[in-house]
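K.L.:
First, the structure itself, so that you have it in front of you.
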Amino acid sequence: MNNLIFLDRDGIINEEPSNFGFDYIIDAKFFKFYPRVFSALELLVESNYDIYIISNQAGVGKGVFSQDALDKITEYMLGELSKRNITIKGVRYCTHSSDENCDCRKPKTKLFKDVYADYVGMNKENLFFITDQQRDVEAALNFKIKSILALGGKSKIEDVFSFKSKPDYVAVDLYDAVKNVVLK
Ligand SMILES: [Mg+2]
Ligand SMILES: [Zn+2]
């Protein structure tokens, strides 16, 4: 069985939209890869990781952008990665708005559970979710896996002190998280 890892999308793979004044990435033209993402993902691929992206995109449920727009953004992201021979095993979105009270919106865990169903027997204690925000640290805790908070997206180091639940690790970015925590 391959290794398994979960990654948040906005603030981890691509620049967090609130950092340039948007609530959501509504078009691929606003999808800006962080510079060290490709090297980080290459390291994971070389180490036989199945990479899953787990992302809340409530803007669809709220009607801010369409499912079709989200599909195009995903297509763009995967296309740019595959040019570099990086394969993402799965991209799982919750597109519900918070008032729909679904089972998949992080910090709920359905999106993780659905993936993990194919990896039964894998020790969850060694599984990581790399994210940039507090809500996802909660999700990792709820799913009983480890969290790595990568800074530079939604969270700065000083924000961590006020987190209700603390991440297991803090890293500068995805590359640092992969190189110095996951693969260490
Ligand atoms: Mg994020
Ligand atoms: Zn949902």
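As shown in the structure tokens, the chain order sets the letters A, B, ...; within each chain, residues go from 1, and ligands are also counted from 1 in the order they appear.
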Find the residues near ligand 1. Use a cut-off of 8 Å, count only C-alpha atoms and all ligand atoms, and write them as a list in words.

P.N.:
Asp8, Arg9, Asp10, Gly11, Ile12, Glu16, Ser55, Thr131, Asp132, Gln133, Asp136, Gly153 and Lys154 of chain A

K.L.:
Tell me, which residues of stretch 4-55 of chain A carry DSSP alpha helix (DSSP H), written as a ChimeraX atom specification?

P.N.:
/A:37-46

K.L.:
Please produce an output containing C-alpha atoms for each residue in the selection, written as a PDB file, in the first residue's frame.

P.N.:
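The resulting file, result-v6.pdb, is shown below:
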ATOM      1  CA  VAL A  37       4.800  23.681  -3.988  1.00  0.00           C
ATOM      2  CA  PHE A  38       6.158  21.783  -6.971  1.00  0.00           C
ATOM      3  CA  SER A  39       9.311  20.690  -5.143  1.00  0.00           C
ATOM      4  CA  ALA A  40       7.248  19.703  -2.111  1.00  0.00           C
ATOM      5  CA  LEU A  41       4.825  17.610  -4.131  1.00  0.00           C
ATOM      6  CA  GLU A  42       7.670  16.026  -6.090  1.00  0.00           C
ATOM      7  CA  LEU A  43       9.207  14.869  -2.811  1.00  0.00           C
ATOM      8  CA  LEU A  44       5.902  13.262  -1.834  1.00  0.00           C
ATOM      9  CA  VAL A  45       5.494  11.573  -5.209  1.00  0.00           C
ATOM     10  CA  GLU A  46       9.068  10.224  -5.049  1.00  0.00           C
TER      11      GLU A  46
END

K.L.:
Could you tell me, counting only C-alpha atoms and all ligand atoms, which protein and nucleic acid residues lie no more than 6 Å from ligand 2, written as a compact mmCIF listing (two decimals) with C-alpha atoms, in the first residue's frame?

P.N.:
# COMPACT_ATOMS: atom_id res chain seq x y z
CA CYS A 94 -17.23 20.26 0.24
CA THR A 95 -19.23 22.78 -1.77
CA HIS A 96 -22.01 23.20 0.77
CA CYS A 102 -23.63 18.75 5.72
CA ASP A 103 -21.34 15.99 6.96
CA CYS A 104 -18.40 16.96 4.79
CA ARG A 105 -17.61 20.58 5.60

K.L.:
Between A:Ser66, A:Asn126, A:Thr74, A:Asn56, which one has atoms that come closest to A:Ile88, using only C-alpha atoms?

P.N.:
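Between A:Ser66, A:Asn126, A:Thr74, A:Asn56, the residue approaching A:Ile88 most closely is A:Thr74.
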
K.L.:
Just checking: using only C-alpha atoms, which residue out of A:Leu149, A:Met77, A:Leu127, A:Asn3 ends up closest to A:Tyr175?

P.N.:
A:Leu149
